[in-house]
$ cat upload-v1.txt   # compact mmCIF, N, CA and C atoms
# COMPACT_ATOMS: atom_id res chain seq x y z
N MET A 1 138.72 101.86 175.51
CA MET A 1 137.28 101.80 175.50
C MET A 1 136.73 101.80 174.08
N GLY A 2 137.36 102.61 173.20
CA GLY A 2 136.93 102.66 171.81
C GLY A 2 137.08 101.31 171.13
N TYR A 3 138.16 100.59 171.45
CA TYR A 3 138.39 99.27 170.86
C TYR A 3 137.23 98.33 171.21
N VAL A 4 136.87 98.29 172.47
CA VAL A 4 135.81 97.39 172.93
C VAL A 4 134.46 97.76 172.31
N LEU A 5 134.17 99.05 172.24
CA LEU A 5 132.90 99.49 171.67
C LEU A 5 132.79 99.13 170.19
N VAL A 6 133.83 99.41 169.42
CA VAL A 6 133.79 99.10 167.98
C VAL A 6 133.74 97.59 167.77
N SER A 7 134.55 96.86 168.51
CA SER A 7 134.57 95.41 168.37
C SER A 7 133.19 94.83 168.66
N ALA A 8 132.57 95.26 169.73
CA ALA A 8 131.23 94.76 170.08
C ALA A 8 130.19 95.16 169.03
N ALA A 9 130.35 96.34 168.47
CA ALA A 9 129.37 96.83 167.50
C ALA A 9 129.45 96.10 166.16
N VAL A 10 130.63 95.64 165.77
CA VAL A 10 130.77 95.06 164.42
C VAL A 10 130.95 93.55 164.41
N VAL A 11 131.09 92.90 165.55
CA VAL A 11 131.40 91.48 165.57
C VAL A 11 130.32 90.64 164.89
N VAL A 12 129.08 90.96 165.09
CA VAL A 12 128.00 90.19 164.45
C VAL A 12 128.01 90.43 162.94
N THR A 13 128.20 91.67 162.54
CA THR A 13 128.23 92.00 161.12
C THR A 13 129.38 91.31 160.40
N VAL A 14 130.58 91.35 160.98
CA VAL A 14 131.72 90.70 160.31
C VAL A 14 131.59 89.18 160.35
N GLY A 15 130.90 88.65 161.34
CA GLY A 15 130.60 87.22 161.35
C GLY A 15 129.71 86.85 160.18
N ARG A 16 128.71 87.67 159.92
CA ARG A 16 127.82 87.44 158.77
C ARG A 16 128.58 87.58 157.46
N ILE A 17 129.46 88.57 157.38
CA ILE A 17 130.28 88.74 156.18
C ILE A 17 131.16 87.51 155.97
N GLY A 18 131.66 86.93 157.07
CA GLY A 18 132.42 85.69 156.98
C GLY A 18 131.58 84.54 156.45
N ASP A 19 130.32 84.49 156.85
CA ASP A 19 129.41 83.47 156.32
C ASP A 19 129.22 83.64 154.81
N MET A 20 129.17 84.87 154.36
CA MET A 20 128.90 85.14 152.95
C MET A 20 130.13 84.99 152.06
N TYR A 21 131.29 85.42 152.53
CA TYR A 21 132.47 85.49 151.67
C TYR A 21 133.57 84.52 152.06
N GLY A 22 133.35 83.73 153.07
CA GLY A 22 134.35 82.75 153.48
C GLY A 22 134.97 83.10 154.81
N ARG A 23 134.83 82.20 155.74
CA ARG A 23 135.32 82.45 157.10
C ARG A 23 136.83 82.55 157.15
N THR A 24 137.51 81.67 156.42
CA THR A 24 138.97 81.70 156.44
C THR A 24 139.49 82.98 155.80
N ARG A 25 138.86 83.38 154.71
CA ARG A 25 139.26 84.63 154.05
C ARG A 25 139.10 85.82 155.00
N MET A 26 137.99 85.89 155.70
CA MET A 26 137.75 87.00 156.62
C MET A 26 138.66 86.92 157.86
N TYR A 27 138.95 85.69 158.28
CA TYR A 27 139.89 85.50 159.40
C TYR A 27 141.27 86.03 159.01
N ASN A 28 141.73 85.68 157.82
CA ASN A 28 143.03 86.17 157.34
C ASN A 28 143.02 87.68 157.16
N LEU A 29 141.91 88.22 156.67
CA LEU A 29 141.77 89.67 156.56
C LEU A 29 141.87 90.31 157.94
N GLY A 30 141.30 89.65 158.95
CA GLY A 30 141.39 90.16 160.32
C GLY A 30 142.82 90.26 160.80
N PHE A 31 143.65 89.24 160.50
CA PHE A 31 145.06 89.32 160.85
C PHE A 31 145.74 90.50 160.17
N ALA A 32 145.48 90.66 158.88
CA ALA A 32 146.11 91.76 158.14
C ALA A 32 145.65 93.11 158.67
N TRP A 33 144.36 93.24 158.92
CA TRP A 33 143.78 94.50 159.40
C TRP A 33 144.34 94.84 160.79
N PHE A 34 144.35 93.87 161.69
CA PHE A 34 144.85 94.09 163.04
C PHE A 34 146.33 94.47 163.01
N THR A 35 147.09 93.79 162.16
CA THR A 35 148.53 94.06 162.06
C THR A 35 148.78 95.44 161.48
N LEU A 36 148.03 95.81 160.45
CA LEU A 36 148.16 97.17 159.90
C LEU A 36 147.85 98.21 160.97
N GLY A 37 146.82 97.96 161.75
CA GLY A 37 146.49 98.87 162.85
C GLY A 37 147.63 98.98 163.85
N ALA A 38 148.29 97.86 164.15
CA ALA A 38 149.41 97.89 165.09
C ALA A 38 150.57 98.71 164.55
N VAL A 39 150.85 98.55 163.27
CA VAL A 39 151.93 99.34 162.65
C VAL A 39 151.59 100.82 162.69
N LEU A 40 150.37 101.16 162.32
CA LEU A 40 149.96 102.57 162.34
C LEU A 40 149.99 103.15 163.75
N LEU A 41 149.59 102.36 164.73
CA LEU A 41 149.63 102.82 166.12
C LEU A 41 151.06 103.08 166.58
N SER A 42 151.99 102.29 166.09
CA SER A 42 153.39 102.45 166.54
C SER A 42 154.06 103.66 165.91
N VAL A 43 153.47 104.22 164.86
CA VAL A 43 154.08 105.38 164.21
C VAL A 43 153.21 106.64 164.33
N VAL A 44 152.41 106.72 165.38
CA VAL A 44 151.60 107.92 165.59
C VAL A 44 152.52 109.13 165.58
N TRP A 45 152.16 110.11 164.79
CA TRP A 45 153.06 111.21 164.50
C TRP A 45 152.85 112.44 165.35
N SER A 46 151.68 112.64 165.92
CA SER A 46 151.39 113.85 166.70
C SER A 46 151.75 113.67 168.16
N LYS A 47 151.76 114.77 168.86
CA LYS A 47 152.04 114.77 170.30
C LYS A 47 150.86 115.40 171.03
N GLY A 48 150.81 115.20 172.34
CA GLY A 48 149.77 115.81 173.15
C GLY A 48 148.39 115.25 172.87
N SER A 49 147.39 116.13 172.95
CA SER A 49 146.01 115.68 172.78
C SER A 49 145.73 115.20 171.36
N ALA A 50 146.40 115.77 170.36
CA ALA A 50 146.22 115.29 168.98
C ALA A 50 146.75 113.86 168.84
N GLY A 51 147.88 113.57 169.45
CA GLY A 51 148.43 112.22 169.42
C GLY A 51 147.54 111.23 170.15
N ALA A 52 146.97 111.68 171.26
CA ALA A 52 146.05 110.81 172.00
C ALA A 52 144.81 110.50 171.17
N MET A 53 144.30 111.49 170.44
CA MET A 53 143.13 111.26 169.59
C MET A 53 143.48 110.30 168.45
N GLU A 54 144.67 110.44 167.88
CA GLU A 54 145.10 109.51 166.83
C GLU A 54 145.17 108.08 167.37
N LEU A 55 145.69 107.92 168.58
CA LEU A 55 145.76 106.59 169.19
C LEU A 55 144.37 105.99 169.37
N VAL A 56 143.44 106.79 169.84
CA VAL A 56 142.07 106.30 170.05
C VAL A 56 141.44 105.89 168.73
N ILE A 57 141.56 106.73 167.71
CA ILE A 57 140.96 106.44 166.40
C ILE A 57 141.61 105.20 165.78
N LEU A 58 142.93 105.09 165.86
CA LEU A 58 143.61 103.94 165.28
C LEU A 58 143.29 102.65 166.05
N ARG A 59 143.08 102.75 167.35
CA ARG A 59 142.66 101.56 168.11
C ARG A 59 141.26 101.13 167.68
N MET A 60 140.41 102.09 167.38
CA MET A 60 139.08 101.77 166.89
C MET A 60 139.16 101.10 165.51
N PHE A 61 140.08 101.57 164.67
CA PHE A 61 140.34 100.93 163.39
C PHE A 61 140.82 99.49 163.60
N GLN A 62 141.75 99.31 164.53
CA GLN A 62 142.30 97.99 164.82
C GLN A 62 141.22 97.04 165.34
N ALA A 63 140.23 97.57 166.01
CA ALA A 63 139.16 96.73 166.58
C ALA A 63 138.38 96.00 165.51
N ILE A 64 138.30 96.56 164.32
CA ILE A 64 137.59 95.87 163.24
C ILE A 64 138.33 94.58 162.90
N GLY A 65 139.66 94.63 162.85
CA GLY A 65 140.45 93.41 162.63
C GLY A 65 140.27 92.42 163.76
N GLY A 66 140.24 92.91 164.99
CA GLY A 66 140.01 92.02 166.13
C GLY A 66 138.65 91.35 166.07
N ALA A 67 137.63 92.09 165.63
CA ALA A 67 136.29 91.52 165.50
C ALA A 67 136.26 90.46 164.40
N LEU A 68 136.97 90.71 163.30
CA LEU A 68 137.06 89.71 162.24
C LEU A 68 137.68 88.42 162.77
N LEU A 69 138.73 88.55 163.57
CA LEU A 69 139.38 87.37 164.15
C LEU A 69 138.45 86.66 165.13
N MET A 70 137.83 87.41 166.01
CA MET A 70 137.01 86.81 167.05
C MET A 70 135.79 86.09 166.48
N ALA A 71 135.08 86.74 165.58
CA ALA A 71 133.86 86.16 165.03
C ALA A 71 134.16 84.92 164.19
N ASN A 72 135.18 85.00 163.39
CA ASN A 72 135.43 83.92 162.46
C ASN A 72 136.22 82.77 163.07
N SER A 73 136.97 83.00 164.14
CA SER A 73 137.70 81.88 164.75
C SER A 73 136.72 80.86 165.33
N ALA A 74 135.70 81.33 166.02
CA ALA A 74 134.71 80.40 166.58
C ALA A 74 133.95 79.67 165.47
N ALA A 75 133.64 80.37 164.39
CA ALA A 75 132.93 79.74 163.28
C ALA A 75 133.80 78.69 162.59
N ILE A 76 135.08 78.97 162.43
CA ILE A 76 136.00 78.01 161.80
C ILE A 76 136.12 76.77 162.68
N ILE A 77 136.23 76.97 163.98
CA ILE A 77 136.32 75.83 164.90
C ILE A 77 135.03 75.01 164.85
N THR A 78 133.89 75.68 164.79
CA THR A 78 132.62 74.97 164.71
C THR A 78 132.53 74.11 163.45
N ASP A 79 133.06 74.63 162.35
CA ASP A 79 133.07 73.85 161.10
C ASP A 79 134.07 72.69 161.15
N ALA A 80 135.16 72.85 161.87
CA ALA A 80 136.27 71.89 161.80
C ALA A 80 136.11 70.70 162.74
N PHE A 81 135.35 70.86 163.83
CA PHE A 81 135.30 69.80 164.84
C PHE A 81 133.92 69.12 164.84
N PRO A 82 133.92 67.81 165.10
CA PRO A 82 132.65 67.10 165.22
C PRO A 82 131.93 67.52 166.50
N ALA A 83 130.65 67.25 166.56
CA ALA A 83 129.82 67.70 167.68
C ALA A 83 130.33 67.21 169.03
N ASP A 84 130.87 65.98 169.09
CA ASP A 84 131.31 65.45 170.38
C ASP A 84 132.62 66.08 170.87
N GLU A 85 133.34 66.80 170.02
CA GLU A 85 134.58 67.47 170.41
C GLU A 85 134.46 68.99 170.40
N LEU A 86 133.31 69.49 169.98
CA LEU A 86 133.14 70.92 169.78
C LEU A 86 133.27 71.72 171.07
N GLY A 87 132.68 71.24 172.15
CA GLY A 87 132.77 71.96 173.42
C GLY A 87 134.20 72.12 173.88
N LEU A 88 134.98 71.07 173.80
CA LEU A 88 136.39 71.13 174.18
C LEU A 88 137.15 72.10 173.29
N ALA A 89 136.91 72.03 171.99
CA ALA A 89 137.63 72.91 171.06
C ALA A 89 137.30 74.38 171.31
N LEU A 90 136.02 74.69 171.48
CA LEU A 90 135.63 76.08 171.74
C LEU A 90 136.15 76.54 173.11
N GLY A 91 136.13 75.64 174.08
CA GLY A 91 136.67 75.98 175.40
C GLY A 91 138.17 76.28 175.35
N MET A 92 138.90 75.47 174.60
CA MET A 92 140.34 75.72 174.46
C MET A 92 140.60 77.03 173.74
N ASN A 93 139.75 77.37 172.76
CA ASN A 93 139.88 78.65 172.07
C ASN A 93 139.67 79.81 173.05
N MET A 94 138.67 79.68 173.91
CA MET A 94 138.41 80.73 174.90
C MET A 94 139.54 80.84 175.92
N ILE A 95 140.06 79.70 176.35
CA ILE A 95 141.17 79.72 177.30
C ILE A 95 142.38 80.40 176.68
N ALA A 96 142.65 80.10 175.40
CA ALA A 96 143.76 80.75 174.71
C ALA A 96 143.55 82.26 174.64
N GLY A 97 142.31 82.69 174.38
CA GLY A 97 142.02 84.12 174.34
C GLY A 97 142.20 84.80 175.69
N ILE A 98 141.74 84.15 176.74
CA ILE A 98 141.88 84.71 178.09
C ILE A 98 143.35 84.75 178.49
N PHE A 99 144.08 83.67 178.20
CA PHE A 99 145.51 83.64 178.51
C PHE A 99 146.25 84.72 177.73
N GLY A 100 145.89 84.89 176.46
CA GLY A 100 146.52 85.93 175.65
C GLY A 100 146.24 87.32 176.19
N SER A 101 145.03 87.55 176.67
CA SER A 101 144.70 88.85 177.27
C SER A 101 145.52 89.11 178.52
N PHE A 102 145.65 88.09 179.35
CA PHE A 102 146.45 88.22 180.56
C PHE A 102 147.92 88.44 180.24
N LEU A 103 148.44 87.63 179.32
CA LEU A 103 149.85 87.75 178.93
C LEU A 103 150.11 89.10 178.28
N GLY A 104 149.14 89.60 177.50
CA GLY A 104 149.28 90.91 176.86
C GLY A 104 149.42 92.04 177.86
N ILE A 105 148.70 91.96 178.96
CA ILE A 105 148.82 92.99 179.99
C ILE A 105 150.22 92.98 180.59
N LEU A 106 150.71 91.78 180.90
CA LEU A 106 152.06 91.68 181.46
C LEU A 106 153.13 92.13 180.48
N ALA A 107 153.06 91.61 179.25
CA ALA A 107 154.06 91.96 178.24
C ALA A 107 153.98 93.44 177.90
N GLY A 108 152.77 93.97 177.80
CA GLY A 108 152.60 95.39 177.50
C GLY A 108 153.21 96.28 178.58
N GLY A 109 153.03 95.89 179.83
CA GLY A 109 153.64 96.66 180.91
C GLY A 109 155.15 96.64 180.85
N LEU A 110 155.72 95.49 180.56
CA LEU A 110 157.17 95.39 180.44
C LEU A 110 157.69 96.15 179.22
N LEU A 111 157.00 96.00 178.10
CA LEU A 111 157.43 96.69 176.88
C LEU A 111 157.30 98.21 177.00
N SER A 112 156.32 98.68 177.75
CA SER A 112 156.14 100.12 177.91
C SER A 112 157.31 100.76 178.65
N GLU A 113 158.03 99.97 179.42
CA GLU A 113 159.23 100.48 180.09
C GLU A 113 160.33 100.78 179.06
N VAL A 114 160.36 100.02 177.98
CA VAL A 114 161.33 100.24 176.91
C VAL A 114 160.88 101.42 176.04
N GLY A 115 159.62 101.44 175.70
CA GLY A 115 159.04 102.50 174.89
C GLY A 115 157.62 102.11 174.53
N TRP A 116 156.68 103.04 174.58
CA TRP A 116 155.28 102.71 174.38
C TRP A 116 154.99 102.17 172.99
N ARG A 117 155.76 102.55 171.99
CA ARG A 117 155.53 102.07 170.63
C ARG A 117 155.73 100.56 170.52
N TRP A 118 156.61 100.01 171.37
CA TRP A 118 156.88 98.57 171.34
C TRP A 118 155.66 97.74 171.76
N VAL A 119 154.76 98.35 172.50
CA VAL A 119 153.54 97.64 172.90
C VAL A 119 152.75 97.24 171.64
N PHE A 120 152.71 98.11 170.65
CA PHE A 120 152.00 97.82 169.42
C PHE A 120 152.85 97.01 168.45
N LEU A 121 154.14 97.28 168.40
CA LEU A 121 155.01 96.55 167.47
C LEU A 121 155.14 95.08 167.83
N ALA A 122 154.91 94.72 169.07
CA ALA A 122 154.99 93.30 169.47
C ALA A 122 153.96 92.45 168.73
N ASN A 123 152.86 93.07 168.30
CA ASN A 123 151.82 92.35 167.56
C ASN A 123 152.20 92.04 166.13
N VAL A 124 153.12 92.79 165.56
CA VAL A 124 153.40 92.69 164.13
C VAL A 124 153.96 91.33 163.72
N PRO A 125 154.97 90.77 164.39
CA PRO A 125 155.44 89.44 163.97
C PRO A 125 154.37 88.36 164.08
N ILE A 126 153.54 88.45 165.10
CA ILE A 126 152.46 87.48 165.26
C ILE A 126 151.45 87.64 164.13
N GLY A 127 151.10 88.86 163.82
CA GLY A 127 150.15 89.12 162.74
C GLY A 127 150.69 88.71 161.39
N CYS A 128 151.98 88.89 161.17
CA CYS A 128 152.57 88.51 159.88
C CYS A 128 152.65 86.99 159.73
N SER A 129 152.73 86.27 160.83
CA SER A 129 152.81 84.81 160.74
C SER A 129 151.46 84.14 160.93
N GLY A 130 150.40 84.93 161.07
CA GLY A 130 149.10 84.39 161.43
C GLY A 130 148.24 83.86 160.32
N ARG A 131 148.70 83.89 159.10
CA ARG A 131 147.86 83.41 157.99
C ARG A 131 147.54 81.94 158.21
N SER A 132 146.25 81.60 158.15
CA SER A 132 145.82 80.26 158.53
C SER A 132 145.75 79.26 157.39
N GLY A 133 146.01 79.69 156.17
CA GLY A 133 145.98 78.73 155.07
C GLY A 133 145.27 79.28 153.86
N PRO A 134 144.96 78.44 152.91
CA PRO A 134 144.31 78.91 151.68
C PRO A 134 142.92 79.47 151.95
N THR A 135 142.54 80.47 151.18
CA THR A 135 141.23 81.08 151.36
C THR A 135 140.19 80.46 150.47
$ encode --input "upload-v1.txt" --output "structure tokens"
Amino acid sequence: MGYVLVSAAVVVTVGRIGDMYGRTRMYNLGFAWFTLGAVLLSVVWSKGSAGAMELVILRMFQAIGGALLMANSAAIITDAFPADELGLALGMNMIAGIFGSFLGILAGGLLSEVGWRWVFLANVPIGCSGRSGPT
């Protein structure tokens, strides 16, 4: 719940920051931020209620990276495609996001059987390979 709240609260702001400082740069920062959050989540050090609080806070931290990705991906697509192809491009972006959410639930459930930390570590290779190009 914390992830969704923080993401919703900052998505417009980080979109504006992308307008000011470069959408690709902020998109790449989003990958780095989200990946750092995943690494930190996988090494939560406390147990019990303290560990649960650390997970919630770190997920809220990770949400800022997710908001950077979400806000700037649509803006980059809008810049890259002509008006007659824009609807298709944005639609495919949304389908990819929905499919990724669905696949994440399935993969997360399977990975949690191995160990809950793997749910977060699965994001790291994707985040490390996610750089979209020059800033």
$ closest_residue --input "upload-v1.txt" --among "A:Ile126, A:Leu58, A:Leu68, A:Val119" --to "Ile105 (chain A)" --atoms "only C-alpha atoms"
A:Val119
$ atom_distance --input "upload-v1.txt" --atom1 "atom C of Ala67 (chain A)" --atom2 "CA of Glu54 (chain A)"
21.1 Å
$ atom_distance --input "upload-v1.txt" --atom1 "CA of Ile57 (chain A)" --atom2 "CA of Gly2 (chain A)"
7.7 Å
$ atom_distance --input "upload-v1.txt" --atom1 "atom N of Gly108 (chain A)" --atom2 "atom C of Ala122 (chain A)"
9.3 Å
$ closest_atom_pairs --input "upload-v1.txt" --of "region 67-115 of chain A" --to "region 26-49 of chain A" --cutoff "8 Å" --atoms "all atoms listed in the file" --output "CSV"
residue,atom,partner,partner_atom,distance
A:Ala67,C,A:Gly30,CA,6.6
A:Leu68,CA,A:Gly30,CA,4.8
A:Leu69,N,A:Gly30,CA,4.5
A:Met70,N,A:Tyr27,CA,7.2
A:Ala71,C,A:Tyr27,CA,7.5
A:Asn72,CA,A:Tyr27,CA,5.6
A:Ser73,N,A:Tyr27,CA,6.1
$ residues_around --input "upload-v1.txt" --residues "Thr78 (chain A)" --least-positions-apart "5" --cutoff "10 Å" --atoms "only C-alpha atoms" --output "ChimeraX atom specification"
/A:72-73,83,85-87,89-90
$ write_last_selection --input "upload-v1.txt" --atoms "N, CA and C atoms" --output "PDB file, in the frame of the given file"
ATOM      1  N   ASN A  72     135.180  85.000 163.390  1.00  0.00           N
ATOM      2  CA  ASN A  72     135.430  83.920 162.460  1.00  0.00           C
ATOM      3  C   ASN A  72     136.220  82.770 163.070  1.00  0.00           C
ATOM      4  N   SER A  73     136.970  83.000 164.140  1.00  0.00           N
ATOM      5  CA  SER A  73     137.700  81.880 164.750  1.00  0.00           C
ATOM      6  C   SER A  73     136.720  80.860 165.330  1.00  0.00           C
ATOM      7  N   ALA A  83     130.650  67.250 166.560  1.00  0.00           N
ATOM      8  CA  ALA A  83     129.820  67.700 167.680  1.00  0.00           C
ATOM      9  C   ALA A  83     130.330  67.210 169.030  1.00  0.00           C
ATOM     10  N   GLU A  85     133.340  66.800 170.020  1.00  0.00           N
ATOM     11  CA  GLU A  85     134.580  67.470 170.410  1.00  0.00           C
ATOM     12  C   GLU A  85     134.460  68.990 170.400  1.00  0.00           C
ATOM     13  N   LEU A  86     133.310  69.490 169.980  1.00  0.00           N
ATOM     14  CA  LEU A  86     133.140  70.920 169.780  1.00  0.00           C
ATOM     15  C   LEU A  86     133.270  71.720 171.070  1.00  0.00           C
ATOM     16  N   GLY A  87     132.680  71.240 172.150  1.00  0.00           N
ATOM     17  CA  GLY A  87     132.770  71.960 173.420  1.00  0.00           C
ATOM     18  C   GLY A  87     134.200  72.120 173.880  1.00  0.00           C
ATOM     19  N   ALA A  89     136.910  72.030 171.990  1.00  0.00           N
ATOM     20  CA  ALA A  89     137.630  72.910 171.060  1.00  0.00           C
ATOM     21  C   ALA A  89     137.300  74.380 171.310  1.00  0.00           C
ATOM     22  N   LEU A  90     136.020  74.690 171.480  1.00  0.00           N
ATOM     23  CA  LEU A  90     135.630  76.080 171.740  1.00  0.00           C
ATOM     24  C   LEU A  90     136.150  76.540 173.110  1.00  0.00           C
TER      25      LEU A  90
END
$ closest_residue --input "upload-v1.txt" --among "A:Leu121, A:Ile95, A:Thr13, A:Arg23" --to "Ala107 (chain A)" --atoms "only C-alpha atoms"
A:Leu121
$ closest_residue --input "upload-v1.txt" --among "A:Arg117, A:Val11, A:Ser129, A:Met20" --to "Ala63 (chain A)" --atoms "only C-alpha atoms"
A:Val11
$ closest_residue --input "upload-v1.txt" --among "A:Cys128, A:Val10, A:Gly104, A:Asn123" --to "Ile64 (chain A)" --atoms "all atoms listed in the file"
A:Val10
$ axis_aligned_box --input "upload-v1.txt" --around "region 42-57 of chain A" --padding-each-side "4 Å" --output "AutoDock Vina command-line options"
--center_x 147.5 --center_y 109.2 --center_z 168.7 --size_x 21.1 --size_y 21.8 --size_z 16.9
$ residues_around --input "upload-v1.txt" --residues "Met1 (chain A)" --least-positions-apart "2" --cutoff "8 Å" --atoms "all atoms listed in the file" --output "list in words"
Tyr3, Val4, Leu5, Val6, Ser7, Val56, Arg59 and Met60 of chain A
$ build_atoms --input "upload-v1.txt" --residues "region 89-97 of chain A" --atoms "all heavy atoms" --output "CSV table (one decimal), keeping the file's coordinate frame"
chain,number,residue,atom,x,y,z
A,89,ALA,N,136.9,72.0,172.0
A,89,ALA,CA,137.6,72.9,171.1
A,89,ALA,C,137.3,74.4,171.3
A,89,ALA,O,138.2,75.2,171.4
A,89,ALA,CB,137.3,72.5,169.6
A,90,LEU,N,136.0,74.7,171.5
A,90,LEU,CA,135.6,76.1,171.7
A,90,LEU,C,136.2,76.5,173.1
A,90,LEU,O,136.6,77.7,173.3
A,90,LEU,CB,134.1,76.2,171.7
A,90,LEU,CG,133.5,76.2,170.3
A,90,LEU,CD1,132.0,76.1,170.3
A,90,LEU,CD2,134.0,77.3,169.4
A,91,GLY,N,136.1,75.6,174.1
A,91,GLY,CA,136.7,76.0,175.4
A,91,GLY,C,138.2,76.3,175.4
A,91,GLY,O,138.6,77.2,176.0
A,92,MET,N,138.9,75.5,174.6
A,92,MET,CA,140.3,75.7,174.5
A,92,MET,C,140.6,77.0,173.7
A,92,MET,O,141.5,77.8,174.1
A,92,MET,CB,141.0,74.6,173.8
A,92,MET,CG,141.0,73.3,174.6
A,92,MET,SD,141.9,71.9,173.8
A,92,MET,CE,143.5,72.5,173.9
A,93,ASN,N,139.8,77.4,172.8
A,93,ASN,CA,139.9,78.6,172.1
A,93,ASN,C,139.7,79.8,173.0
A,93,ASN,O,140.4,80.8,173.0
A,93,ASN,CB,138.9,78.7,170.9
A,93,ASN,CG,139.0,80.0,170.1
A,93,ASN,OD1,140.1,80.4,169.7
A,93,ASN,ND2,137.9,80.6,169.9
A,94,MET,N,138.7,79.7,173.9
A,94,MET,CA,138.4,80.7,174.9
A,94,MET,C,139.5,80.8,175.9
A,94,MET,O,139.9,81.9,176.3
A,94,MET,CB,137.1,80.5,175.6
A,94,MET,CG,135.9,80.6,174.7
A,94,MET,SD,135.8,82.3,173.9
A,94,MET,CE,135.7,83.3,175.3
A,95,ILE,N,140.1,79.7,176.4
A,95,ILE,CA,141.2,79.7,177.3
A,95,ILE,C,142.4,80.4,176.7
A,95,ILE,O,143.1,81.2,177.3
A,95,ILE,CB,141.5,78.3,177.8
A,95,ILE,CG1,140.4,77.8,178.7
A,95,ILE,CG2,142.9,78.2,178.5
A,95,ILE,CD1,140.5,76.3,179.1
A,96,ALA,N,142.6,80.1,175.4
A,96,ALA,CA,143.8,80.8,174.7
A,96,ALA,C,143.6,82.3,174.6
A,96,ALA,O,144.5,83.0,174.8
A,96,ALA,CB,143.9,80.2,173.3
A,97,GLY,N,142.3,82.7,174.4
A,97,GLY,CA,142.0,84.1,174.3
A,97,GLY,C,142.2,84.8,175.7
A,97,GLY,O,142.8,85.9,175.8
